[in-house]
Amino acid sequence: MSKSIVAANKRNIDLWGRIAYLATGFLFAFSFPCCAIAEFAYFFAVPFLVWGYSCDNKKAIRWSAFGAGWIGWLLTIFFLRHVWFGLPYIAGAYGGLYVGIWLYVATFGLKQLVNERGLNRLIGILGLAGFWVILEWLRGWLFSGYPWLPLAASQWQKPVVLQFLAFTGSYGLSFVLILFNLIIASFIIEIKRRIQFADNPEHPRYHVRKPLGHRGLLPIEAYVGLALMALAMILFLKNLPEKKNQEFAFKAGLVQTNIEARLKWDADFFWENLRVLQEETMKVREKEPDLIIWPESAIPSALNTDLYMLPWMERLVNEVNVPFLIGAIAMEGKDDWYNAIFEVKPQTGLSPSYYAKQKRVPFGEYVPFKEFLPFINKIVPTDFELSSGTNKEPLIVAANGRNWHIGCLVCYEDIFSFLARENVKRGADFLLVITNDAWYRGEGGAYQHASNSVLRAVEARRPVIRCGNDGWSGWIDEFGNIRGVLTNGLGKIYMRGNAVFPIYYDASWKNKMSFYVQFGDWFVAVAALLSLLAFILFVITGKRNEV
């Protein structure tokens with residue numbers, strides 16, 4: 001072959017490689033909120049996997065895989081530039097690393113599987129899907145954990161497929177989605193091989209099954225994928241909320257102040273912050289709530305020790321005459337500060353027990369390894385670091401004449417499924433998320449954050465109530481249905497306002513725990529086993545092909 005033809009082929013591979021990894025990166029990003037084209041999650045990796053099969057340059061595949069992952073995550077979390085300009089690039093590179101590793105491994109896995117049939121082929125594809133789950137699990141635990149947006153979160157507005165989560169957690173749905181990517185890519189590769197080598201039976205790659213499956217039917221992995229979707233439909237129909245099981249709990253009044261994130265910590269803005277809180281609270285009182293909820297750090301001072309704030313707060317609660325759940329700072333001793341949720345009741349005042357956030361935001365609420373990295377400063381403009389809370393018990397809150405056990409999650413704690421599970425195991429009737437999504441300045445971060453809450457609601461089979469300083473405030477039922485969202489007249493979620501939502505619960509789940517709550521991340525072990533079997537298969541087939 002002449003040098004000119006080789007050069008032309010190299011340029012062609014480079015061109016298609018760029019198209020492939022850009023397409024995969026963009027499809028990955030656009031499958032999540034706020035673009036939220038959920039269907040993209042079923043085939044985002046297909047362009048890369050199909051191109052990778054035809055590319056013999058391992059270095060090109062490796063760098064293109066990491067490029068696709070980085071671009072996908074960068075586009076997904078680009079709103080983080082409002083927190084710090086370099087954050088989306090660093091966090092995107094870290095998140096993209098996991099996607100890149102999977103794309104690289106899956107590409108070479110499919111290269112080996114094209115000549116396999118039946119059970120071997122199925123084991124290989126299931127193992128590659130399981131490997132995605134392992135990577136998601138690792139991302140949720142390494143370096144304090146970064147489980148923001150598992151692939152399952154792309155389906156946050158699709159209750160039909162969300163019901164897997166009550167059994168497998170988000171990992172089960174991520175497995176199904178990535179499995180469809182592999183099935184589609186494998187099918188296209190088979191078609192491509194048939195076209196390319198059908199007229200040359202002597203070609204060393206001519207090992208195509210004719211037809212694709214047994215007697216003209218689909219390959220075995222396609223049947224598995226279709227069976228899983230049928231199972232999703234069965235679970236959805238079986239878990240449709242029945243009107244007879246819907247019982248009214250209380251009316252929750254949510255206050256959203258829409259105060260710029262950094263201003264909340266500005267001493268010159270302190271009184272304006274209190275004025276906005278009081279104004280919106282008096283407005284929501286007119287709607288007769290049974291419970292009023294303020295967002296994360298609504299009061300940016302230590303409510304339990306501040307000699308001015310506590311009397312002011314108790315006077316306001318007595319005037320409104322309903323219990324409050326309030327995001328504020330807690331202080332114990334001289335050096336222990338906590339991001340907390342307090343209950344304040346009419347007449348009796350501040351309850352002695354409160355919830356303190358357990359999972360702190362690295363570089364936001366504390367600096368990890370600060371003894372080794374003294375030059376790194378926190379992003380959040382406070383002059384103190386927050387400690388981790390240890391009280392895991394739900395708060396017992398009186399509303400509408402009954403005591404309710406409220407499992408509390410502060411800020412991004414709703415992205416950690418084990419915290420929601422722990423709350424339900426300890427008797428939570430509802431989950432409450434208070435947060436501050438004003439950092440995202442009107443972009444997709446609030447929707448992405450809310451998508452994690454939808455996953456927790458289905459996993460735990462508990463309604464989730466969310467109240468933010470800005471962004472997505474509302475509530476979600478046990479089956480992942482979004483039952484109410486606080487918006488303005490233009491349908492915007494980034495706004496100042498208030499609302500009262502009647503909160504219901506499904507009596508069939510009262511005091512019951514889902515399979516996932518009881519047994520946790522068992523599906524990760526299944527994924528690990530599938531990955532191990534696939535690895536053994538690839539080793540055996542690799543040695544066989546060398547002979």
# chains A, B, ... in the order shown; residues from 1 in each chain; ligands from 1

$ select_by_dssp --residues "stretch 50-183 of chain A" --states "helix (DSSP H, G or I)" --output "short mmCIF file (atom, residue, chain, number, x, y, z; two decimals) with N, CA, C and O atoms, in the first residue's frame"
data_model
loop_
_atom_site.label_atom_id
_atom_site.label_comp_id
_atom_site.auth_asym_id
_atom_site.auth_seq_id
_atom_site.Cartn_x
_atom_site.Cartn_y
_atom_site.Cartn_z
N VAL A 50 -18.53 2.03 18.03
CA VAL A 50 -18.52 1.60 16.63
C VAL A 50 -17.26 2.07 15.93
O VAL A 50 -16.61 1.32 15.19
N TRP A 51 -16.87 3.33 16.17
CA TRP A 51 -15.61 3.81 15.59
C TRP A 51 -14.42 3.05 16.15
O TRP A 51 -13.52 2.65 15.41
N GLY A 52 -14.42 2.83 17.45
CA GLY A 52 -13.29 2.15 18.09
C GLY A 52 -13.07 0.75 17.55
O GLY A 52 -11.93 0.28 17.49
N TYR A 53 -14.14 0.07 17.17
CA TYR A 53 -13.99 -1.27 16.60
C TYR A 53 -13.15 -1.23 15.33
O TYR A 53 -12.35 -2.14 15.07
N SER A 54 -13.32 -0.19 14.52
CA SER A 54 -12.62 -0.10 13.23
C SER A 54 -11.23 0.50 13.35
O SER A 54 -10.47 0.50 12.38
N LYS A 58 -4.29 1.87 19.23
CA LYS A 58 -4.66 1.86 20.65
C LYS A 58 -4.48 3.22 21.30
O LYS A 58 -5.28 3.63 22.15
N LYS A 59 -3.44 3.92 20.92
CA LYS A 59 -3.19 5.24 21.51
C LYS A 59 -4.31 6.20 21.15
O LYS A 59 -4.78 6.98 21.99
N ALA A 60 -4.76 6.15 19.90
CA ALA A 60 -5.85 7.03 19.46
C ALA A 60 -7.13 6.70 20.22
O ALA A 60 -7.87 7.60 20.64
N ILE A 61 -7.39 5.40 20.41
CA ILE A 61 -8.59 5.00 21.15
C ILE A 61 -8.52 5.48 22.59
O ILE A 61 -9.51 6.00 23.14
N ARG A 62 -7.35 5.32 23.21
CA ARG A 62 -7.20 5.71 24.61
C ARG A 62 -7.44 7.19 24.80
O ARG A 62 -8.25 7.59 25.65
N TRP A 63 -6.76 8.02 24.04
CA TRP A 63 -6.90 9.47 24.23
C TRP A 63 -8.28 9.97 23.80
O TRP A 63 -8.83 10.89 24.40
N SER A 64 -8.86 9.34 22.78
CA SER A 64 -10.21 9.72 22.37
C SER A 64 -11.23 9.35 23.44
O SER A 64 -12.20 10.07 23.67
N ALA A 65 -11.02 8.21 24.10
CA ALA A 65 -11.93 7.78 25.17
C ALA A 65 -11.93 8.79 26.31
O ALA A 65 -12.99 9.21 26.79
N PHE A 66 -10.73 9.20 26.74
CA PHE A 66 -10.66 10.18 27.82
C PHE A 66 -11.15 11.55 27.36
O PHE A 66 -11.76 12.29 28.15
N GLY A 67 -10.93 11.87 26.10
CA GLY A 67 -11.46 13.13 25.57
C GLY A 67 -12.97 13.15 25.58
O GLY A 67 -13.59 14.16 25.94
N ALA A 68 -13.59 12.03 25.19
CA ALA A 68 -15.06 11.95 25.19
C ALA A 68 -15.60 12.10 26.61
O ALA A 68 -16.59 12.80 26.85
N GLY A 69 -14.95 11.41 27.57
CA GLY A 69 -15.41 11.50 28.95
C GLY A 69 -15.27 12.90 29.51
O GLY A 69 -16.18 13.41 30.18
N TRP A 70 -14.15 13.54 29.22
CA TRP A 70 -13.92 14.89 29.74
C TRP A 70 -14.89 15.89 29.14
O TRP A 70 -15.47 16.72 29.86
N ILE A 71 -15.09 15.81 27.84
CA ILE A 71 -16.02 16.74 27.19
C ILE A 71 -17.44 16.53 27.74
O ILE A 71 -18.17 17.48 28.02
N GLY A 72 -17.83 15.26 27.88
CA GLY A 72 -19.16 14.98 28.39
C GLY A 72 -19.39 15.56 29.77
O GLY A 72 -20.40 16.22 30.03
N TRP A 73 -18.43 15.34 30.67
CA TRP A 73 -18.58 15.86 32.03
C TRP A 73 -18.41 17.38 32.09
O TRP A 73 -19.09 18.05 32.87
N LEU A 74 -17.52 17.93 31.28
CA LEU A 74 -17.33 19.38 31.26
C LEU A 74 -18.62 20.09 30.86
O LEU A 74 -19.04 21.07 31.51
N LEU A 75 -19.27 19.59 29.81
CA LEU A 75 -20.52 20.19 29.38
C LEU A 75 -21.61 20.01 30.43
O LEU A 75 -22.44 20.90 30.64
N THR A 76 -21.59 18.87 31.10
CA THR A 76 -22.62 18.57 32.09
C THR A 76 -22.55 19.49 33.29
O THR A 76 -23.58 19.96 33.81
N PHE A 78 -20.66 22.43 33.59
CA PHE A 78 -20.01 23.71 33.29
C PHE A 78 -20.52 24.83 34.17
O PHE A 78 -19.85 25.85 34.37
N PHE A 79 -21.72 24.66 34.74
CA PHE A 79 -22.27 25.68 35.65
C PHE A 79 -21.40 25.88 36.89
O PHE A 79 -21.51 26.92 37.56
N LEU A 80 -20.54 24.93 37.20
CA LEU A 80 -19.69 25.06 38.39
C LEU A 80 -18.66 26.18 38.25
O LEU A 80 -18.01 26.53 39.23
N ARG A 81 -18.52 26.73 37.06
CA ARG A 81 -17.61 27.87 36.91
C ARG A 81 -18.05 29.05 37.75
O ARG A 81 -17.23 29.93 38.08
N HIS A 82 -19.34 29.10 38.11
CA HIS A 82 -19.83 30.19 38.95
C HIS A 82 -19.33 30.05 40.39
O HIS A 82 -19.32 31.04 41.13
N LEU A 87 -13.20 24.97 38.45
CA LEU A 87 -13.82 23.78 39.01
C LEU A 87 -14.39 22.83 37.97
O LEU A 87 -14.18 21.61 38.06
N PRO A 88 -15.14 23.31 36.95
CA PRO A 88 -15.69 22.34 35.99
C PRO A 88 -14.61 21.61 35.20
O PRO A 88 -14.82 20.45 34.81
N TYR A 89 -13.48 22.25 34.99
CA TYR A 89 -12.41 21.59 34.23
C TYR A 89 -11.76 20.48 35.06
O TYR A 89 -11.47 19.39 34.54
N ILE A 90 -11.56 20.76 36.34
CA ILE A 90 -10.94 19.76 37.22
C ILE A 90 -11.92 18.64 37.52
O ILE A 90 -11.61 17.45 37.37
N ALA A 91 -13.13 19.01 37.96
CA ALA A 91 -14.14 17.99 38.28
C ALA A 91 -14.55 17.23 37.02
O ALA A 91 -14.81 16.02 37.07
N GLY A 92 -14.59 17.93 35.88
CA GLY A 92 -14.92 17.27 34.62
C GLY A 92 -13.87 16.25 34.22
O GLY A 92 -14.18 15.17 33.71
N ALA A 93 -12.61 16.59 34.45
CA ALA A 93 -11.53 15.64 34.14
C ALA A 93 -11.62 14.41 35.04
O ALA A 93 -11.40 13.29 34.58
N TYR A 94 -11.97 14.64 36.30
CA TYR A 94 -12.07 13.51 37.22
C TYR A 94 -13.26 12.62 36.85
O TYR A 94 -13.13 11.40 36.75
N GLY A 95 -14.44 13.22 36.65
CA GLY A 95 -15.60 12.43 36.24
C GLY A 95 -15.39 11.78 34.90
O GLY A 95 -15.76 10.62 34.68
N GLY A 96 -14.76 12.51 33.98
CA GLY A 96 -14.51 11.97 32.65
C GLY A 96 -13.53 10.82 32.65
O GLY A 96 -13.54 9.98 31.74
N LEU A 97 -12.66 10.76 33.66
CA LEU A 97 -11.70 9.66 33.76
C LEU A 97 -12.43 8.32 33.83
O LEU A 97 -12.04 7.36 33.16
N TYR A 98 -13.50 8.25 34.60
CA TYR A 98 -14.24 7.00 34.74
C TYR A 98 -14.94 6.62 33.43
O TYR A 98 -14.94 5.45 33.03
N VAL A 99 -15.54 7.62 32.77
CA VAL A 99 -16.17 7.36 31.48
C VAL A 99 -15.13 6.90 30.47
O VAL A 99 -15.35 5.95 29.69
N GLY A 100 -13.97 7.57 30.46
CA GLY A 100 -12.92 7.21 29.52
C GLY A 100 -12.40 5.81 29.73
O GLY A 100 -12.16 5.07 28.76
N ILE A 101 -12.20 5.43 30.99
CA ILE A 101 -11.73 4.07 31.28
C ILE A 101 -12.73 3.05 30.74
O ILE A 101 -12.36 2.05 30.11
N TRP A 102 -14.00 3.30 30.96
CA TRP A 102 -15.01 2.35 30.50
C TRP A 102 -15.03 2.28 28.98
O TRP A 102 -15.08 1.17 28.40
N LEU A 103 -15.02 3.42 28.30
CA LEU A 103 -15.04 3.43 26.83
C LEU A 103 -13.85 2.65 26.27
O LEU A 103 -13.99 1.89 25.30
N TYR A 104 -12.68 2.84 26.87
CA TYR A 104 -11.48 2.17 26.40
C TYR A 104 -11.60 0.66 26.57
O TYR A 104 -11.35 -0.11 25.64
N VAL A 105 -12.01 0.23 27.76
CA VAL A 105 -12.15 -1.21 28.03
C VAL A 105 -13.26 -1.82 27.18
O VAL A 105 -13.11 -2.90 26.60
N ALA A 106 -14.40 -1.12 27.08
CA ALA A 106 -15.53 -1.65 26.32
C ALA A 106 -15.20 -1.78 24.84
O ALA A 106 -15.64 -2.72 24.17
N THR A 107 -14.41 -0.86 24.30
CA THR A 107 -14.03 -0.93 22.89
C THR A 107 -13.27 -2.22 22.59
O THR A 107 -13.59 -2.95 21.64
N PHE A 108 -12.29 -2.53 23.40
CA PHE A 108 -11.50 -3.74 23.16
C PHE A 108 -12.28 -4.99 23.56
O PHE A 108 -12.06 -6.07 22.99
N GLY A 109 -13.19 -4.84 24.50
CA GLY A 109 -14.05 -5.97 24.83
C GLY A 109 -14.93 -6.36 23.65
O GLY A 109 -15.06 -7.55 23.32
N LEU A 110 -15.51 -5.38 22.99
CA LEU A 110 -16.35 -5.66 21.83
C LEU A 110 -15.53 -6.22 20.67
O LEU A 110 -16.03 -7.04 19.88
N LYS A 111 -14.30 -5.77 20.55
CA LYS A 111 -13.44 -6.32 19.50
C LYS A 111 -13.28 -7.83 19.65
O LYS A 111 -13.22 -8.57 18.65
N GLN A 112 -13.19 -8.30 20.89
CA GLN A 112 -13.06 -9.73 21.13
C GLN A 112 -14.39 -10.45 21.00
O GLN A 112 -14.44 -11.61 20.57
N LEU A 113 -15.46 -9.79 21.35
CA LEU A 113 -16.76 -10.46 21.39
C LEU A 113 -17.39 -10.65 20.02
O LEU A 113 -18.32 -11.45 19.88
N GLY A 118 -23.54 -16.95 21.45
CA GLY A 118 -24.33 -17.46 22.54
C GLY A 118 -23.93 -16.97 23.92
O GLY A 118 -23.81 -15.76 24.16
N LEU A 119 -23.71 -17.92 24.83
CA LEU A 119 -23.47 -17.61 26.23
C LEU A 119 -22.20 -16.80 26.42
O LEU A 119 -22.16 -15.87 27.25
N ASN A 120 -21.14 -17.12 25.70
CA ASN A 120 -19.89 -16.37 25.83
C ASN A 120 -20.10 -14.89 25.50
O ASN A 120 -19.62 -14.00 26.21
N ARG A 121 -20.81 -14.66 24.44
CA ARG A 121 -21.08 -13.28 24.02
C ARG A 121 -21.91 -12.54 25.08
O ARG A 121 -21.64 -11.40 25.43
N LEU A 122 -22.91 -13.23 25.62
CA LEU A 122 -23.77 -12.63 26.63
C LEU A 122 -22.98 -12.30 27.89
O LEU A 122 -23.12 -11.22 28.47
N ILE A 123 -22.13 -13.25 28.34
CA ILE A 123 -21.32 -13.01 29.53
C ILE A 123 -20.42 -11.80 29.34
O ILE A 123 -20.28 -10.95 30.23
N GLY A 124 -19.81 -11.69 28.17
CA GLY A 124 -18.92 -10.56 27.89
C GLY A 124 -19.64 -9.24 27.94
O GLY A 124 -19.16 -8.27 28.57
N ILE A 125 -20.79 -9.16 27.33
CA ILE A 125 -21.53 -7.89 27.29
C ILE A 125 -22.08 -7.54 28.68
O ILE A 125 -22.01 -6.38 29.11
N LEU A 126 -22.60 -8.53 29.39
CA LEU A 126 -23.08 -8.26 30.75
C LEU A 126 -21.92 -7.83 31.65
O LEU A 126 -22.08 -6.96 32.53
N GLY A 127 -20.75 -8.43 31.45
CA GLY A 127 -19.58 -8.05 32.24
C GLY A 127 -19.14 -6.63 31.98
O GLY A 127 -18.75 -5.90 32.91
N LEU A 128 -19.19 -6.19 30.72
CA LEU A 128 -18.84 -4.81 30.39
C LEU A 128 -19.84 -3.84 31.00
O LEU A 128 -19.46 -2.76 31.48
N ALA A 129 -21.13 -4.20 31.01
CA ALA A 129 -22.13 -3.36 31.67
C ALA A 129 -21.88 -3.33 33.18
O ALA A 129 -22.01 -2.27 33.83
N GLY A 130 -21.50 -4.49 33.74
CA GLY A 130 -21.19 -4.52 35.16
C GLY A 130 -19.99 -3.67 35.51
O GLY A 130 -19.93 -3.07 36.60
N PHE A 131 -19.03 -3.58 34.58
CA PHE A 131 -17.84 -2.77 34.82
C PHE A 131 -18.21 -1.29 34.95
O PHE A 131 -17.61 -0.56 35.74
N TRP A 132 -19.20 -0.84 34.19
CA TRP A 132 -19.69 0.54 34.33
C TRP A 132 -20.20 0.76 35.76
O TRP A 132 -19.93 1.80 36.37
N VAL A 133 -20.95 -0.20 36.27
CA VAL A 133 -21.49 -0.09 37.63
C VAL A 133 -20.37 -0.01 38.65
O VAL A 133 -20.41 0.79 39.59
N ILE A 134 -19.34 -0.82 38.47
CA ILE A 134 -18.20 -0.79 39.40
C ILE A 134 -17.55 0.59 39.40
O ILE A 134 -17.21 1.15 40.45
N LEU A 135 -17.40 1.17 38.23
CA LEU A 135 -16.79 2.50 38.14
C LEU A 135 -17.67 3.56 38.80
O LEU A 135 -17.16 4.46 39.48
N GLU A 136 -19.00 3.47 38.60
CA GLU A 136 -19.89 4.41 39.28
C GLU A 136 -19.78 4.27 40.80
O GLU A 136 -19.78 5.27 41.53
N TRP A 137 -19.71 3.04 41.26
CA TRP A 137 -19.59 2.80 42.70
C TRP A 137 -18.28 3.37 43.25
O TRP A 137 -18.27 4.02 44.30
N LEU A 138 -17.19 3.16 42.53
CA LEU A 138 -15.90 3.70 42.96
C LEU A 138 -15.94 5.23 43.01
O LEU A 138 -15.43 5.84 43.95
N ARG A 139 -16.56 5.83 42.02
CA ARG A 139 -16.65 7.30 41.99
C ARG A 139 -17.43 7.82 43.19
O ARG A 139 -17.19 8.93 43.68
N LEU A 142 -14.45 6.97 46.39
CA LEU A 142 -13.07 7.44 46.42
C LEU A 142 -12.98 8.94 46.70
O LEU A 142 -13.82 9.71 46.23
N PHE A 143 -11.97 9.34 47.46
CA PHE A 143 -11.71 10.76 47.73
C PHE A 143 -12.94 11.48 48.27
O PHE A 143 -13.36 12.52 47.78
N SER A 144 -13.58 10.88 49.25
CA SER A 144 -14.75 11.42 49.93
C SER A 144 -16.04 11.19 49.15
O SER A 144 -17.12 11.40 49.67
N LEU A 151 -25.59 7.45 35.82
CA LEU A 151 -26.29 7.40 34.54
C LEU A 151 -27.80 7.29 34.74
O LEU A 151 -28.59 7.82 33.94
N ALA A 152 -28.21 6.65 35.82
CA ALA A 152 -29.64 6.50 36.11
C ALA A 152 -30.35 7.84 36.27
O ALA A 152 -31.56 7.95 36.02
N ALA A 153 -29.62 8.88 36.68
CA ALA A 153 -30.25 10.20 36.91
C ALA A 153 -30.79 10.80 35.62
O ALA A 153 -31.65 11.69 35.67
N SER A 154 -30.32 10.32 34.47
CA SER A 154 -30.85 10.82 33.20
C SER A 154 -32.34 10.51 33.05
O SER A 154 -33.04 11.17 32.30
N GLN A 155 -32.82 9.51 33.79
CA GLN A 155 -34.22 9.09 33.67
C GLN A 155 -35.10 9.64 34.78
O GLN A 155 -36.16 9.09 35.08
N PRO A 159 -40.77 7.73 35.33
CA PRO A 159 -41.13 6.77 36.39
C PRO A 159 -41.28 5.34 35.89
O PRO A 159 -41.15 4.40 36.68
N VAL A 160 -41.52 5.16 34.60
CA VAL A 160 -41.69 3.81 34.07
C VAL A 160 -40.46 2.96 34.33
O VAL A 160 -40.56 1.78 34.67
N VAL A 161 -39.26 3.53 34.18
CA VAL A 161 -38.04 2.75 34.36
C VAL A 161 -37.42 2.94 35.74
O VAL A 161 -36.51 2.20 36.11
N LEU A 162 -37.90 3.90 36.50
CA LEU A 162 -37.29 4.18 37.80
C LEU A 162 -37.58 3.11 38.85
O LEU A 162 -36.88 3.05 39.87
N LEU A 165 -35.15 0.93 40.96
CA LEU A 165 -34.33 1.47 42.04
C LEU A 165 -34.73 0.95 43.42
O LEU A 165 -33.89 0.87 44.32
N ALA A 166 -36.01 0.61 43.61
CA ALA A 166 -36.45 0.11 44.91
C ALA A 166 -35.84 -1.26 45.21
O ALA A 166 -35.85 -1.70 46.36
N PHE A 167 -35.28 -1.90 44.19
CA PHE A 167 -34.66 -3.22 44.37
C PHE A 167 -33.14 -3.15 44.24
O PHE A 167 -32.42 -3.77 45.03
N THR A 168 -32.65 -2.41 43.27
CA THR A 168 -31.21 -2.42 42.96
C THR A 168 -30.50 -1.12 43.28
O THR A 168 -29.28 -1.06 43.16
N SER A 170 -29.75 2.94 42.26
CA SER A 170 -29.50 3.57 40.97
C SER A 170 -28.60 2.72 40.08
O SER A 170 -28.65 2.81 38.86
N TYR A 171 -27.77 1.86 40.70
CA TYR A 171 -26.84 1.06 39.92
C TYR A 171 -27.56 0.11 38.96
O TYR A 171 -27.08 -0.16 37.86
N GLY A 172 -28.71 -0.40 39.36
CA GLY A 172 -29.44 -1.32 38.49
C GLY A 172 -29.91 -0.65 37.22
O GLY A 172 -29.82 -1.22 36.13
N LEU A 173 -30.42 0.58 37.34
CA LEU A 173 -30.88 1.30 36.16
C LEU A 173 -29.70 1.73 35.30
O LEU A 173 -29.77 1.68 34.06
N SER A 174 -28.60 2.16 35.92
CA SER A 174 -27.41 2.48 35.14
C SER A 174 -26.94 1.27 34.34
O SER A 174 -26.52 1.39 33.18
N PHE A 175 -27.02 0.09 34.94
CA PHE A 175 -26.65 -1.16 34.26
C PHE A 175 -27.51 -1.37 33.02
O PHE A 175 -26.99 -1.69 31.94
N VAL A 176 -28.81 -1.19 33.15
CA VAL A 176 -29.72 -1.39 32.02
C VAL A 176 -29.39 -0.41 30.90
O VAL A 176 -29.35 -0.78 29.71
N LEU A 177 -29.18 0.84 31.25
CA LEU A 177 -28.91 1.87 30.23
C LEU A 177 -27.62 1.59 29.48
O LEU A 177 -27.57 1.67 28.24
N ILE A 178 -26.55 1.25 30.20
CA ILE A 178 -25.28 1.01 29.52
C ILE A 178 -25.33 -0.31 28.75
O ILE A 178 -24.65 -0.47 27.72
N LEU A 179 -26.14 -1.25 29.22
CA LEU A 179 -26.32 -2.50 28.49
C LEU A 179 -26.92 -2.23 27.11
O LEU A 179 -26.50 -2.84 26.11
N PHE A 180 -27.89 -1.32 27.03
CA PHE A 180 -28.47 -0.99 25.73
C PHE A 180 -27.43 -0.32 24.83
O PHE A 180 -27.45 -0.54 23.61
N ASN A 181 -26.54 0.47 25.38
CA ASN A 181 -25.45 1.03 24.58
C ASN A 181 -24.63 -0.09 23.94
O ASN A 181 -24.29 -0.04 22.76
N LEU A 182 -24.31 -1.10 24.73
CA LEU A 182 -23.51 -2.22 24.23
C LEU A 182 -24.27 -3.05 23.21
O LEU A 182 -23.70 -3.48 22.20
N ILE A 183 -25.55 -3.28 23.46
CA ILE A 183 -26.35 -4.07 22.53
C ILE A 183 -26.45 -3.37 21.18
O ILE A 183 -26.24 -3.99 20.12
#

$ closest_residue --among "A:Val539, A:Ile503, A:Leu274, A:Leu532" --to "A:Gln246" --atoms "only C-alpha atoms"
A:Ile503

$ closest_residue --among "A:Met309, A:Ile396, A:Val46, A:Val114" --to "A:Phe538" --atoms "only C-alpha atoms"
A:Val114

$ atom_distance --atom1 "atom CA of A:Asn239" --atom2 "atom CA of A:Leu395"
28.4 Å

$ closest_residue --among "A:Phe236, A:Trp472, A:Phe418, A:Tyr516" --to "A:Asp437" --atoms "only C-alpha atoms"
A:Trp472

$ residues_around --residues "A:Gly327" --least-positions-apart "6" --cutoff "10 Å" --atoms "only C-alpha atoms" --output "ChimeraX atom specification"
/A:293-300,303,339-343,355-356,410,434-435,467-469

$ residues_around --residues "A:Phe515" --least-positions-apart "3" --cutoff "12 Å" --atoms "only C-alpha atoms" --output "PyMOL selection string"
chain A and resi 163-169+421+424-425+458-461+509+512+518-523

$ write_last_selection --atoms "N, CA and C atoms" --output "compact mmCIF listing (two decimals), in the first residue's frame"
# COMPACT_ATOMS: atom_id res chain seq x y z
N GLN A 163 -38.58 2.27 38.64
CA GLN A 163 -38.98 1.34 39.70
C GLN A 163 -37.93 0.28 40.00
N PHE A 164 -36.95 0.09 39.09
CA PHE A 164 -35.81 -0.78 39.39
C PHE A 164 -35.14 -0.37 40.71
N LEU A 165 -35.15 0.93 40.96
CA LEU A 165 -34.33 1.47 42.04
C LEU A 165 -34.73 0.95 43.42
N ALA A 166 -36.01 0.61 43.61
CA ALA A 166 -36.45 0.11 44.91
C ALA A 166 -35.84 -1.26 45.21
N PHE A 167 -35.28 -1.90 44.19
CA PHE A 167 -34.66 -3.22 44.37
C PHE A 167 -33.14 -3.15 44.24
N THR A 168 -32.65 -2.41 43.27
CA THR A 168 -31.21 -2.42 42.96
C THR A 168 -30.50 -1.12 43.28
N GLY A 169 -31.23 -0.08 43.65
CA GLY A 169 -30.62 1.24 43.74
C GLY A 169 -30.36 1.79 42.35
N ARG A 421 -30.90 5.76 53.02
CA ARG A 421 -31.20 4.42 53.54
C ARG A 421 -31.13 4.41 55.06
N VAL A 424 -34.22 5.92 56.66
CA VAL A 424 -35.41 5.06 56.60
C VAL A 424 -35.27 3.91 57.58
N LYS A 425 -34.09 3.35 57.70
CA LYS A 425 -33.88 2.27 58.67
C LYS A 425 -34.15 2.73 60.09
N VAL A 458 -37.40 6.97 45.17
CA VAL A 458 -37.79 5.64 44.70
C VAL A 458 -37.04 4.56 45.46
N GLU A 459 -35.73 4.75 45.64
CA GLU A 459 -34.92 3.77 46.36
C GLU A 459 -35.48 3.52 47.76
N ALA A 460 -35.80 4.60 48.46
CA ALA A 460 -36.23 4.50 49.86
C ALA A 460 -37.72 4.31 50.01
N ARG A 461 -38.48 4.51 48.93
CA ARG A 461 -39.94 4.49 48.98
C ARG A 461 -40.46 5.43 50.07
N TRP A 509 -46.74 1.72 52.11
CA TRP A 509 -45.32 1.72 52.45
C TRP A 509 -45.06 2.25 53.86
N LYS A 512 -42.68 0.35 56.24
CA LYS A 512 -42.07 -0.73 55.47
C LYS A 512 -40.79 -0.22 54.80
N GLN A 518 -33.23 -2.45 52.72
CA GLN A 518 -32.86 -3.57 53.58
C GLN A 518 -31.48 -4.15 53.24
N PHE A 519 -31.18 -4.24 51.95
CA PHE A 519 -29.99 -4.98 51.54
C PHE A 519 -28.92 -4.11 50.87
N GLY A 520 -29.20 -2.84 50.66
CA GLY A 520 -28.17 -1.93 50.19
C GLY A 520 -27.68 -2.22 48.79
N ASP A 521 -26.40 -2.00 48.58
CA ASP A 521 -25.81 -2.07 47.24
C ASP A 521 -25.40 -3.49 46.86
N TRP A 522 -26.29 -4.43 47.05
CA TRP A 522 -26.03 -5.82 46.67
C TRP A 522 -25.77 -5.96 45.18
N PHE A 523 -26.39 -5.08 44.40
CA PHE A 523 -26.24 -5.20 42.95
C PHE A 523 -24.81 -4.92 42.51

$ residues_around --residues "A:Lys264" --least-positions-apart "4" --cutoff "8 Å" --atoms "only C-alpha atoms" --output "ChimeraX atom specification"
/A:259-260,269-270,273,298,300

$ atom_distance --atom1 "atom CA of A:Phe416" --atom2 "atom CA of A:Gly442"
23.9 Å

$ closest_residue --among "A:Leu277, A:Gly445, A:Tyr505, A:Leu533" --to "A:Glu242" --atoms "only C-alpha atoms"
A:Tyr505

$ atom_distance --atom1 "atom CA of A:Phe248" --atom2 "atom CA of A:Pro502"
7.3 Å

$ select_by_dssp --residues "stretch 123-337 of chain A" --states "strand (DSSP E)" --output "NGL selection string"
:A and (246-256 or 291-293 or 299-302 or 324-332 or 336-337)

$ closest_residue --among "A:Tyr494, A:Tyr447, A:Phe479, A:Tyr412" --to "A:Pro362" --atoms "only C-alpha atoms"
A:Tyr412

$ closest_residue --among "A:Leu486, A:Ala249, A:Ile195, A:Ala45" --to "A:Trp404" --atoms "only C-alpha atoms"
A:Ala249
